[in-house]
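Structure below is my_file12.csv: CSV, C-alpha atoms.
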```csv
chain,number,residue,atom,x,y,z
W,845,MET,CA,4.7,0.8,-0.2
W,846,GLY,CA,1.6,1.4,-2.2
W,847,GLY,CA,0.0,4.5,-3.7
W,848,SER,CA,-2.6,5.0,-1.0
W,849,HIS,CA,-1.0,3.5,2.0
W,850,VAL,CA,2.2,2.1,3.4
W,851,GLU,CA,2.1,-1.0,5.7
W,852,TYR,CA,5.1,-2.0,7.7
W,853,GLY,CA,5.5,-4.7,10.4
W,854,ILE,CA,7.6,-7.2,12.1
W,855,VAL,CA,7.5,-10.8,10.9
W,856,CYS,CA,8.5,-13.9,12.8
W,857,GLY,CA,8.2,-17.2,11.0
W,858,ASP,CA,4.9,-17.3,9.2
W,859,ARG,CA,3.3,-14.7,11.5
W,860,VAL,CA,3.0,-10.9,11.4
W,861,ILE,CA,3.6,-10.1,15.1
W,862,ALA,CA,3.1,-6.3,14.8
W,863,ALA,CA,2.0,-4.0,12.0
W,864,GLU,CA,1.0,-0.4,11.4
W,865,THR,CA,-0.3,1.6,8.4
W,866,ILE,CA,0.6,5.0,7.1
W,867,ALA,CA,-2.0,6.8,5.0
W,868,VAL,CA,-0.3,8.3,1.9
W,869,LYS,CA,-1.4,11.7,0.7
W,870,ALA,CA,1.2,12.1,-2.0
W,871,ALA,CA,3.1,8.9,-3.0
W,872,SER,CA,6.7,10.2,-2.6
W,873,LEU,CA,9.7,9.0,-0.6
W,874,ALA,CA,10.1,12.5,0.7
W,875,GLU,CA,6.8,12.2,2.5
W,876,VAL,CA,6.9,8.6,3.5
W,877,LEU,CA,10.5,7.7,4.5
W,878,PRO,CA,10.7,9.9,7.7
W,879,GLN,CA,7.4,8.4,8.9
W,880,LEU,CA,8.6,4.9,8.1
W,881,GLU,CA,11.9,5.4,9.8
W,882,SER,CA,10.4,6.6,13.1
W,883,GLY,CA,7.5,4.1,12.8
W,884,ILE,CA,9.8,1.1,12.5
W,885,LEU,CA,11.8,2.2,15.5
W,886,ALA,CA,8.6,2.7,17.5
W,887,LEU,CA,7.2,-0.7,16.5
W,888,ALA,CA,10.4,-2.5,17.5
W,889,ALA,CA,10.3,-0.8,20.9
W,890,LYS,CA,6.6,-1.5,21.3
W,891,SER,CA,7.4,-5.2,20.5
W,892,HIS,CA,10.3,-5.2,23.0
W,893,LEU,CA,12.8,-6.0,20.3
W,894,GLU,CA,16.1,-4.4,19.3
W,895,LEU,CA,17.1,-3.9,15.7
W,896,ARG,CA,20.2,-6.1,16.2
W,897,GLU,CA,17.8,-9.0,16.7
W,898,MET,CA,16.3,-8.6,13.2
W,899,VAL,CA,17.5,-10.6,10.2
W,900,GLY,CA,17.0,-7.7,7.9
W,901,VAL,CA,14.6,-5.4,6.1
W,902,ALA,CA,12.5,-6.2,3.1
W,903,VAL,CA,10.9,-3.5,1.0
W,904,GLY,CA,8.1,-3.8,-1.5
W,905,ILE,CA,7.3,-0.7,-3.6
W,906,CYS,CA,5.0,-0.1,-6.6
W,907,ALA,CA,7.9,0.4,-9.0
W,908,ILE,CA,10.4,-1.5,-11.1
W,909,VAL,CA,13.4,-2.5,-8.9
W,910,ASP,CA,16.6,-4.0,-9.9
W,911,SER,CA,18.4,-6.9,-8.2
W,912,GLY,CA,20.6,-4.5,-6.3
W,913,GLY,CA,17.6,-2.8,-4.7
W,914,THR,CA,17.6,0.4,-6.8
W,915,VAL,CA,14.4,1.8,-8.1
W,916,LEU,CA,14.6,1.9,-11.9
W,917,ALA,CA,11.2,3.3,-13.0
W,918,THR,CA,7.8,4.4,-11.6
W,919,ASN,CA,4.5,5.3,-13.1
W,920,GLY,CA,3.1,8.4,-11.4
W,921,LYS,CA,3.8,7.2,-7.8
W,922,TYR,CA,7.0,7.6,-5.9
W,923,ASP,CA,8.6,9.4,-8.9
W,924,ASP,CA,11.3,10.7,-6.6
W,925,ALA,CA,12.3,7.2,-5.9
W,926,VAL,CA,14.0,6.6,-9.2
W,927,GLY,CA,17.7,6.0,-8.5
W,928,PHE,CA,17.0,5.4,-4.8
W,929,ASN,CA,18.9,2.5,-3.3
W,930,PHE,CA,17.0,0.8,-0.4
W,931,PRO,CA,19.9,-1.4,0.9
W,932,GLN,CA,22.0,1.7,1.3
W,933,TRP,CA,19.2,3.5,3.1
W,934,SER,CA,18.5,0.5,5.4
W,935,GLU,CA,22.2,0.2,6.3
W,936,SER,CA,22.5,3.9,7.2
W,937,LYS,CA,19.3,4.1,9.2
W,938,PHE,CA,19.0,0.7,10.9
W,939,GLN,CA,22.4,-1.0,10.3
W,940,LEU,CA,20.4,-3.9,8.7
W,941,ARG,CA,20.8,-5.6,5.4
W,942,CYS,CA,17.9,-5.1,3.0
W,943,ARG,CA,16.4,-6.5,-0.1
W,944,ALA,CA,13.9,-4.6,-2.2
W,945,GLU,CA,11.3,-5.8,-4.7
W,946,ASN,CA,8.2,-4.7,-6.6
W,947,ASP,CA,5.3,-4.8,-4.2
W,948,THR,CA,3.2,-7.3,-6.2
W,949,ARG,CA,6.2,-9.7,-6.7
W,950,LEU,CA,6.9,-9.5,-2.9
W,951,ALA,CA,3.2,-10.3,-2.2
W,952,LEU,CA,3.3,-13.4,-4.5
W,953,LEU,CA,6.3,-14.6,-2.5
W,954,GLY,CA,4.2,-14.2,0.6
W,955,GLU,CA,1.3,-16.1,-0.9
W,956,GLN,CA,3.6,-19.0,-1.9
W,957,PHE,CA,5.2,-19.0,1.6
W,958,ALA,CA,2.1,-18.9,3.7
W,959,GLY,CA,-1.0,-18.3,1.6
W,960,ALA,CA,-3.0,-19.3,-1.4
W,961,ALA,CA,-0.1,-20.3,-3.6
W,962,GLN,CA,1.4,-22.7,-1.1
W,963,GLY,CA,2.5,-26.0,-2.7
W,964,PHE,CA,2.6,-24.5,-6.3
W,965,GLU,CA,5.8,-23.9,-8.3
W,966,ASP,CA,4.1,-22.1,-11.2
W,967,ALA,CA,1.9,-19.3,-10.0
W,968,VAL,CA,0.5,-15.8,-11.0
W,969,LEU,CA,-0.7,-13.1,-8.7
W,970,VAL,CA,-3.1,-10.4,-10.0
W,971,THR,CA,-4.0,-7.5,-7.8
W,972,LEU,CA,-7.1,-5.5,-8.6
W,973,GLY,CA,-7.0,-2.2,-6.8
W,974,THR,CA,-6.0,1.4,-7.6
W,975,GLY,CA,-4.2,-0.1,-10.6
W,976,ILE,CA,-3.7,-3.7,-11.7
W,977,GLY,CA,-0.6,-5.4,-10.6
W,978,GLY,CA,0.9,-8.8,-11.6
W,979,ALA,CA,3.7,-11.1,-10.6
W,980,VAL,CA,4.8,-14.6,-11.9
W,981,LEU,CA,6.6,-17.5,-10.2
W,982,LEU,CA,8.0,-20.2,-12.5
W,983,GLY,CA,9.7,-23.2,-11.1
W,984,GLY,CA,9.3,-21.8,-7.6
W,985,ARG,CA,11.3,-18.6,-8.4
W,986,LEU,CA,10.2,-15.1,-9.4
W,987,LEU,CA,10.4,-14.6,-13.2
W,988,GLN,CA,13.5,-12.5,-13.9
W,989,SER,CA,14.5,-10.6,-17.0
W,990,ARG,CA,17.4,-8.3,-17.9
W,991,GLY,CA,15.0,-5.3,-17.7
W,992,HIS,CA,13.4,-6.4,-14.5
W,993,LYS,CA,9.8,-6.1,-15.9
W,994,ALA,CA,9.1,-9.8,-16.8
W,995,GLY,CA,5.7,-10.9,-15.4
W,996,GLY,CA,5.2,-7.6,-13.6
W,997,LEU,CA,3.1,-5.6,-16.1
W,998,ALA,CA,-0.2,-7.5,-16.0
W,999,GLY,CA,-2.1,-4.3,-15.8
W,1000,HIS,CA,-0.4,-3.1,-19.0
W,1001,LEU,CA,-1.3,-6.1,-21.2
W,1002,GLY,CA,-3.7,-4.9,-23.9
W,1003,VAL,CA,-7.3,-6.0,-23.8
W,1004,ASP,CA,-8.7,-3.6,-26.4
W,1005,TRP,CA,-6.4,-2.2,-29.1
W,1006,ASN,CA,-9.0,0.6,-29.7
W,1007,GLY,CA,-9.5,1.3,-26.0
W,1008,ARG,CA,-8.7,4.1,-23.6
W,1009,ILE,CA,-5.2,5.7,-23.4
W,1010,CYS,CA,-3.4,4.3,-20.4
W,1011,SER,CA,-1.1,6.2,-18.0
W,1012,CYS,CA,1.8,4.2,-19.5
W,1013,GLY,CA,1.1,5.6,-23.0
W,1014,ASN,CA,-0.3,2.4,-24.4
W,1015,ARG,CA,-3.9,2.1,-25.6
W,1016,GLY,CA,-6.5,-0.4,-24.1
W,1017,CYS,CA,-4.4,-1.7,-21.2
W,1018,ALA,CA,-6.3,-3.7,-18.6
W,1019,GLU,CA,-5.5,-1.0,-16.1
W,1020,ALA,CA,-7.0,1.7,-18.3
W,1021,GLU,CA,-10.1,-0.3,-18.9
W,1022,ALA,CA,-10.9,-1.7,-15.5
W,1023,SER,CA,-9.0,-0.3,-12.5
W,1024,THR,CA,-10.1,1.9,-9.6
W,1025,ALA,CA,-7.9,4.7,-11.0
W,1026,SER,CA,-9.8,4.6,-14.3
W,1027,LEU,CA,-13.3,3.8,-13.1
W,1028,ASP,CA,-14.6,7.3,-12.4
W,1029,ALA,CA,-13.7,8.4,-15.9
W,1030,ILE,CA,-15.0,5.2,-17.5
W,1031,CYS,CA,-18.4,5.9,-15.8
W,1032,ARG,CA,-18.6,9.6,-16.7
W,1033,GLU,CA,-17.7,8.9,-20.4
W,1034,ARG,CA,-20.8,6.8,-20.9
W,1035,GLN,CA,-23.6,8.5,-22.7
W,1036,ARG,CA,-26.3,7.4,-20.2
W,1037,PHE,CA,-24.3,8.6,-17.2
W,1038,ALA,CA,-26.4,11.6,-16.4
W,1039,GLY,CA,-29.5,9.5,-16.0
W,1040,SER,CA,-27.8,6.9,-13.9
W,1041,GLY,CA,-27.8,6.5,-10.2
W,1042,LEU,CA,-24.0,6.8,-10.4
W,1043,ALA,CA,-24.3,10.5,-11.3
W,1044,GLY,CA,-25.9,11.2,-7.9
W,1045,MET,CA,-23.1,9.7,-5.9
W,1046,ALA,CA,-20.8,12.0,-4.0
W,1047,GLY,CA,-17.1,12.0,-4.7
W,1048,THR,CA,-15.1,9.8,-7.0
W,1049,ILE,CA,-16.8,6.6,-8.2
W,1050,ASP,CA,-15.0,3.5,-7.0
W,1051,PHE,CA,-15.8,-0.2,-7.1
W,1052,GLN,CA,-17.6,-0.2,-3.8
W,1053,LYS,CA,-20.0,2.4,-5.2
W,1054,LEU,CA,-20.3,0.6,-8.6
W,1055,PHE,CA,-21.2,-2.7,-6.9
W,1056,ALA,CA,-23.7,-0.9,-4.7
W,1057,ALA,CA,-25.4,0.7,-7.7
W,1058,ALA,CA,-25.5,-2.5,-9.6
W,1059,ASP,CA,-26.9,-4.3,-6.6
W,1060,ALA,CA,-29.6,-1.7,-6.5
W,1061,GLY,CA,-30.6,-2.4,-10.1
W,1062,ASP,CA,-28.9,0.5,-11.9
W,1063,ALA,CA,-28.6,-0.6,-15.5
W,1064,LEU,CA,-25.5,1.5,-16.4
W,1065,ALA,CA,-23.7,0.3,-13.3
W,1066,HIS,CA,-24.5,-3.3,-14.2
W,1067,GLU,CA,-23.2,-2.7,-17.8
W,1068,ILE,CA,-19.9,-1.2,-16.6
W,1069,LEU,CA,-19.4,-4.0,-14.1
W,1070,GLU,CA,-19.9,-6.5,-16.8
W,1071,HIS,CA,-17.3,-4.6,-18.9
W,1072,CYS,CA,-14.8,-4.8,-16.0
W,1073,LEU,CA,-15.5,-8.5,-15.5
W,1074,GLY,CA,-14.9,-9.1,-19.2
W,1075,VAL,CA,-11.6,-7.2,-19.0
W,1076,TRP,CA,-10.4,-9.2,-16.0
W,1077,SER,CA,-11.4,-12.4,-17.6
W,1078,SER,CA,-9.7,-11.7,-20.9
W,1079,LEU,CA,-6.6,-10.7,-18.9
W,1080,THR,CA,-6.7,-14.0,-17.0
W,1081,VAL,CA,-6.8,-16.0,-20.3
W,1082,SER,CA,-3.8,-14.0,-21.6
W,1083,LEU,CA,-1.8,-14.7,-18.4
W,1084,ILE,CA,-2.6,-18.4,-18.7
W,1085,HIS,CA,-1.5,-18.5,-22.3
W,1086,ALA,CA,1.7,-16.6,-21.5
W,1087,TYR,CA,2.8,-18.4,-18.3
W,1088,ASP,CA,1.0,-21.7,-18.0
W,1089,PRO,CA,0.5,-21.4,-14.3
W,1090,GLU,CA,-1.0,-24.0,-11.9
W,1091,VAL,CA,-2.8,-21.3,-9.9
W,1092,ILE,CA,-3.8,-17.7,-10.4
W,1093,VAL,CA,-4.3,-15.8,-7.1
W,1094,PHE,CA,-6.4,-12.7,-7.1
W,1095,GLY,CA,-5.8,-10.0,-4.5
W,1096,GLY,CA,-6.4,-6.3,-4.0
W,1097,GLY,CA,-9.2,-4.1,-2.6
W,1098,VAL,CA,-11.6,-4.9,-5.4
W,1099,MET,CA,-11.7,-8.5,-4.2
W,1100,ARG,CA,-13.8,-7.6,-1.3
W,1101,ARG,CA,-16.6,-8.7,-3.7
W,1102,GLN,CA,-14.8,-11.8,-4.8
W,1103,GLU,CA,-18.1,-13.8,-4.8
W,1104,ALA,CA,-19.2,-11.7,-7.7
W,1105,ILE,CA,-15.9,-11.7,-9.5
W,1106,LEU,CA,-14.2,-15.1,-9.4
W,1107,PRO,CA,-17.1,-17.2,-10.7
W,1108,ALA,CA,-17.4,-15.0,-13.8
W,1109,ILE,CA,-13.6,-15.3,-14.4
W,1110,ARG,CA,-13.6,-19.0,-13.9
W,1111,GLU,CA,-16.5,-19.5,-16.4
W,1112,HIS,CA,-14.7,-17.4,-19.0
W,1113,VAL,CA,-11.5,-19.3,-18.5
W,1114,GLU,CA,-13.3,-22.6,-18.9
W,1115,ARG,CA,-14.8,-21.5,-22.2
W,1116,HIS,CA,-11.8,-19.6,-23.7
W,1117,ALA,CA,-8.4,-20.7,-22.3
W,1118,TRP,CA,-6.2,-23.2,-24.1
W,1119,ALA,CA,-5.9,-25.3,-20.9
W,1120,LYS,CA,-7.3,-28.6,-19.7
W,1121,LYS,CA,-10.5,-28.0,-17.8
W,1122,GLY,CA,-9.8,-27.4,-14.1
W,1123,SER,CA,-6.1,-27.4,-14.6
W,1124,VAL,CA,-5.6,-23.8,-13.5
W,1125,LYS,CA,-6.9,-23.0,-10.1
W,1126,ILE,CA,-8.3,-19.5,-9.8
W,1127,VAL,CA,-8.4,-18.5,-6.1
W,1128,PRO,CA,-8.6,-15.5,-3.8
W,1129,SER,CA,-5.7,-14.3,-1.8
W,1130,MET,CA,-5.5,-15.8,1.7
W,1131,LEU,CA,-3.2,-13.1,3.1
W,1132,GLY,CA,-4.7,-9.8,1.8
W,1133,SER,CA,-2.5,-6.8,2.7
W,1134,THR,CA,-0.2,-8.9,4.8
W,1135,ALA,CA,1.0,-10.9,1.8
W,1136,ALA,CA,3.9,-8.6,1.1
W,1137,LEU,CA,4.9,-8.5,4.7
W,1138,LEU,CA,5.1,-12.3,4.8
W,1139,GLY,CA,7.0,-12.2,1.5
W,1140,ALA,CA,9.9,-10.7,3.5
W,1141,VAL,CA,10.8,-14.2,4.8
W,1142,PRO,CA,11.5,-15.9,1.5
W,1143,LEU,CA,13.0,-12.7,0.0
W,1144,LEU,CA,15.6,-12.3,2.8
W,1145,ARG,CA,16.3,-16.1,2.7
W,1146,GLY,CA,17.3,-15.5,-0.9
W,1147,GLY,CA,14.7,-17.9,-2.3
W,1148,ALA,CA,13.2,-15.3,-4.7
```
How does this structure look as structure tokens?
Amino acid sequence: MGGSHVEYGIVCGDRVIAAETIAVKAASLAEVLPQLESGILALAAKSHLELREMVGVAVGICAIVDSGGTVLATNGKYDDAVGFNFPQWSESKFQLRCRAENDTRLALLGEQFAGAAQGFEDAVLVTLGTGIGGAVLLGGRLLQSRGHKAGGLAGHLGVDWNGRICSCGNRGCAEAEASTASLDAICRERQRFAGSGLAGMAGTIDFQKLFAAADAGDALAHEILEHCLGVWSSLTVSLIHAYDPEVIVFGGGVMRRQEAILPAIREHVERHAWAKKGSVKIVPSMLGSTAALLGAVPLLRGGA
């Protein structure tokens, strides 16, 4: 359950056998849950399966979730979910057991189960999209803490103590400095914006538009892109120093241009990280948006 869309599906083994997507206008449970409930029933019927044949329901949501499946905190998306208990909801609607997790943590489980983190016990996932998400596996298990935030706030690690104010209230977070949600404002704050090709673009500036302008030779677009690459690279070094992973997997919509992003991050890591050369693999997601769906299998098995 993300801020711009909700994807739901039926998973069998390491395959997604059916899936659908709901476009989200306002990220709230009041809007999404009725569509999700009817959609799940319709998808099961379309797949010629009955709910009683299902092992359970796994939910990933862009929020902090406790071990009992209750949403503890959000940050401007699904604010009406705070206090909501997904296992109780699943039992009442589908008569199925349920486990709920943060969406990025669930996606990392999926990448370890059937994707780019297979075979690794210590792994980090970074998602570059509307915001910047993060999750950490150590010793093959999701990093846990009493407050349920450990490893999950990659986007809110500081990269510039004198930087922009973030939605979380901190200053200079990676998410405030180089996410899709911040990009339009970042561009318009630049003194040379009015003379840039970016100023003539219709609608909100996103990374697709930024890359297109940079590819066309726009100097300001290239400058802002270099800034974002620097932020993501600095964040990667901090994650390596904090968690000592064997692999860092990058996912999210911005990674459609991975060929322009990952080489720059790898080069920065080689120069600046306190790690043996080549010891940390930096790779793209193999599963994309299906990572969280496939994370349902290990989550329901209790291996998280």
Residue neighbourhood segment 951-967 of chain W, 8 Å, all atoms listed in the file, exclusion window fewer than 4 positions, as a PDB file with C-alpha atoms, in the frame of the given file:
```pdb
ATOM      1  CA  ASP W 858       4.900 -17.300   9.200  1.00  0.00           C
ATOM      2  CA  ASP W 947       5.300  -4.800  -4.200  1.00  0.00           C
ATOM      3  CA  ALA W 979       3.700 -11.100 -10.600  1.00  0.00           C
ATOM      4  CA  VAL W 980       4.800 -14.600 -11.900  1.00  0.00           C
ATOM      5  CA  LEU W 981       6.600 -17.500 -10.200  1.00  0.00           C
ATOM      6  CA  LEU W 982       8.000 -20.200 -12.500  1.00  0.00           C
ATOM      7  CA  GLY W 983       9.700 -23.200 -11.100  1.00  0.00           C
ATOM      8  CA  GLY W 984       9.300 -21.800  -7.600  1.00  0.00           C
ATOM      9  CA  ARG W 985      11.300 -18.600  -8.400  1.00  0.00           C
ATOM     10  CA  LEU W 986      10.200 -15.100  -9.400  1.00  0.00           C
ATOM     11  CA  ASP W1088       1.000 -21.700 -18.000  1.00  0.00           C
ATOM     12  CA  PRO W1089       0.500 -21.400 -14.300  1.00  0.00           C
ATOM     13  CA  GLU W1090      -1.000 -24.000 -11.900  1.00  0.00           C
ATOM     14  CA  VAL W1091      -2.800 -21.300  -9.900  1.00  0.00           C
ATOM     15  CA  ILE W1092      -3.800 -17.700 -10.400  1.00  0.00           C
ATOM     16  CA  VAL W1093      -4.300 -15.800  -7.100  1.00  0.00           C
ATOM     17  CA  VAL W1127      -8.400 -18.500  -6.100  1.00  0.00           C
ATOM     18  CA  PRO W1128      -8.600 -15.500  -3.800  1.00  0.00           C
ATOM     19  CA  SER W1129      -5.700 -14.300  -1.800  1.00  0.00           C
ATOM     20  CA  MET W1130      -5.500 -15.800   1.700  1.00  0.00           C
ATOM     21  CA  LEU W1131      -3.200 -13.100   3.100  1.00  0.00           C
ATOM     22  CA  THR W1134      -0.200  -8.900   4.800  1.00  0.00           C
ATOM     23  CA  ALA W1135       1.000 -10.900   1.800  1.00  0.00           C
ATOM     24  CA  ALA W1136       3.900  -8.600   1.100  1.00  0.00           C
ATOM     25  CA  LEU W1137       4.900  -8.500   4.700  1.00  0.00           C
ATOM     26  CA  LEU W1138       5.100 -12.300   4.800  1.00  0.00           C
ATOM     27  CA  GLY W1139       7.000 -12.200   1.500  1.00  0.00           C
ATOM     28  CA  ALA W1140       9.900 -10.700   3.500  1.00  0.00           C
ATOM     29  CA  VAL W1141      10.800 -14.200   4.800  1.00  0.00           C
ATOM     30  CA  PRO W1142      11.500 -15.900   1.500  1.00  0.00           C
ATOM     31  CA  LEU W1143      13.000 -12.700   0.000  1.00  0.00           C
ATOM     32  CA  ALA W1148      13.200 -15.300  -4.700  1.00  0.00           C
TER      33      ALA W1148
END
```
> Looking at W:Val850, W:Val868, W:Ala1025, W:Cys856, which one is nearest to Gly883 of chain W, with distances taken over all atoms listed in the file?
Replying inline: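 For Gly883 of chain W, the nearest of the given residues is W:Val850.
Across W:Arg941, W:Lys869, W:Arg859, W:Arg949, the tightest approach to Ala994 of chain W is made by W:Arg949 when counting all atoms listed in the file.
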>> Report, in Å to a single decimal, how far apart atom CA of Ala1065 of chain W and atom CA of Thr974 of chain W are.
In response: 18.6 Å
> In Å to one decimal, how far is atom CA of Ser934 of chain W from atom CA of Leu873 of chain W?
Replying inline: 13.6 Å
>> Can you pull out the residues contacting segment 890-898 of chain W? Cut-off 8 Å, using all atoms listed in the file, and skip same-chain residues under 4 positions away; I want them as JSON, numbers by chain.
In response: {"W": [862, 886, 938, 940]}
>> Ranking W:Ala870, W:Leu1069, W:Ala917, W:Ala998 by minimum distance to Val968 of chain W and counting all atoms listed in the file, which one comes first?
In response: W:Ala998
Where does segment 1036-1137 of chain W meet segment 1007-1021 of chain W within 10 Å, residue by residue, with the nearest atom pair and distance in Å to one decimal for each, counting all atoms listed in the file, listed by chain and rising number, as CSV?
```
residue,atom,partner,partner_atom,distance
W:His1071,CA,W:Glu1021,CA,8.4
W:Cys1072,CA,W:Glu1021,CA,7.1
W:Val1075,CA,W:Ala1018,CA,6.4
W:Trp1076,CA,W:Ala1018,CA,7.3
W:Ser1078,CA,W:Ala1018,CA,9.0
W:Leu1079,CA,W:Ala1018,CA,7.0
```
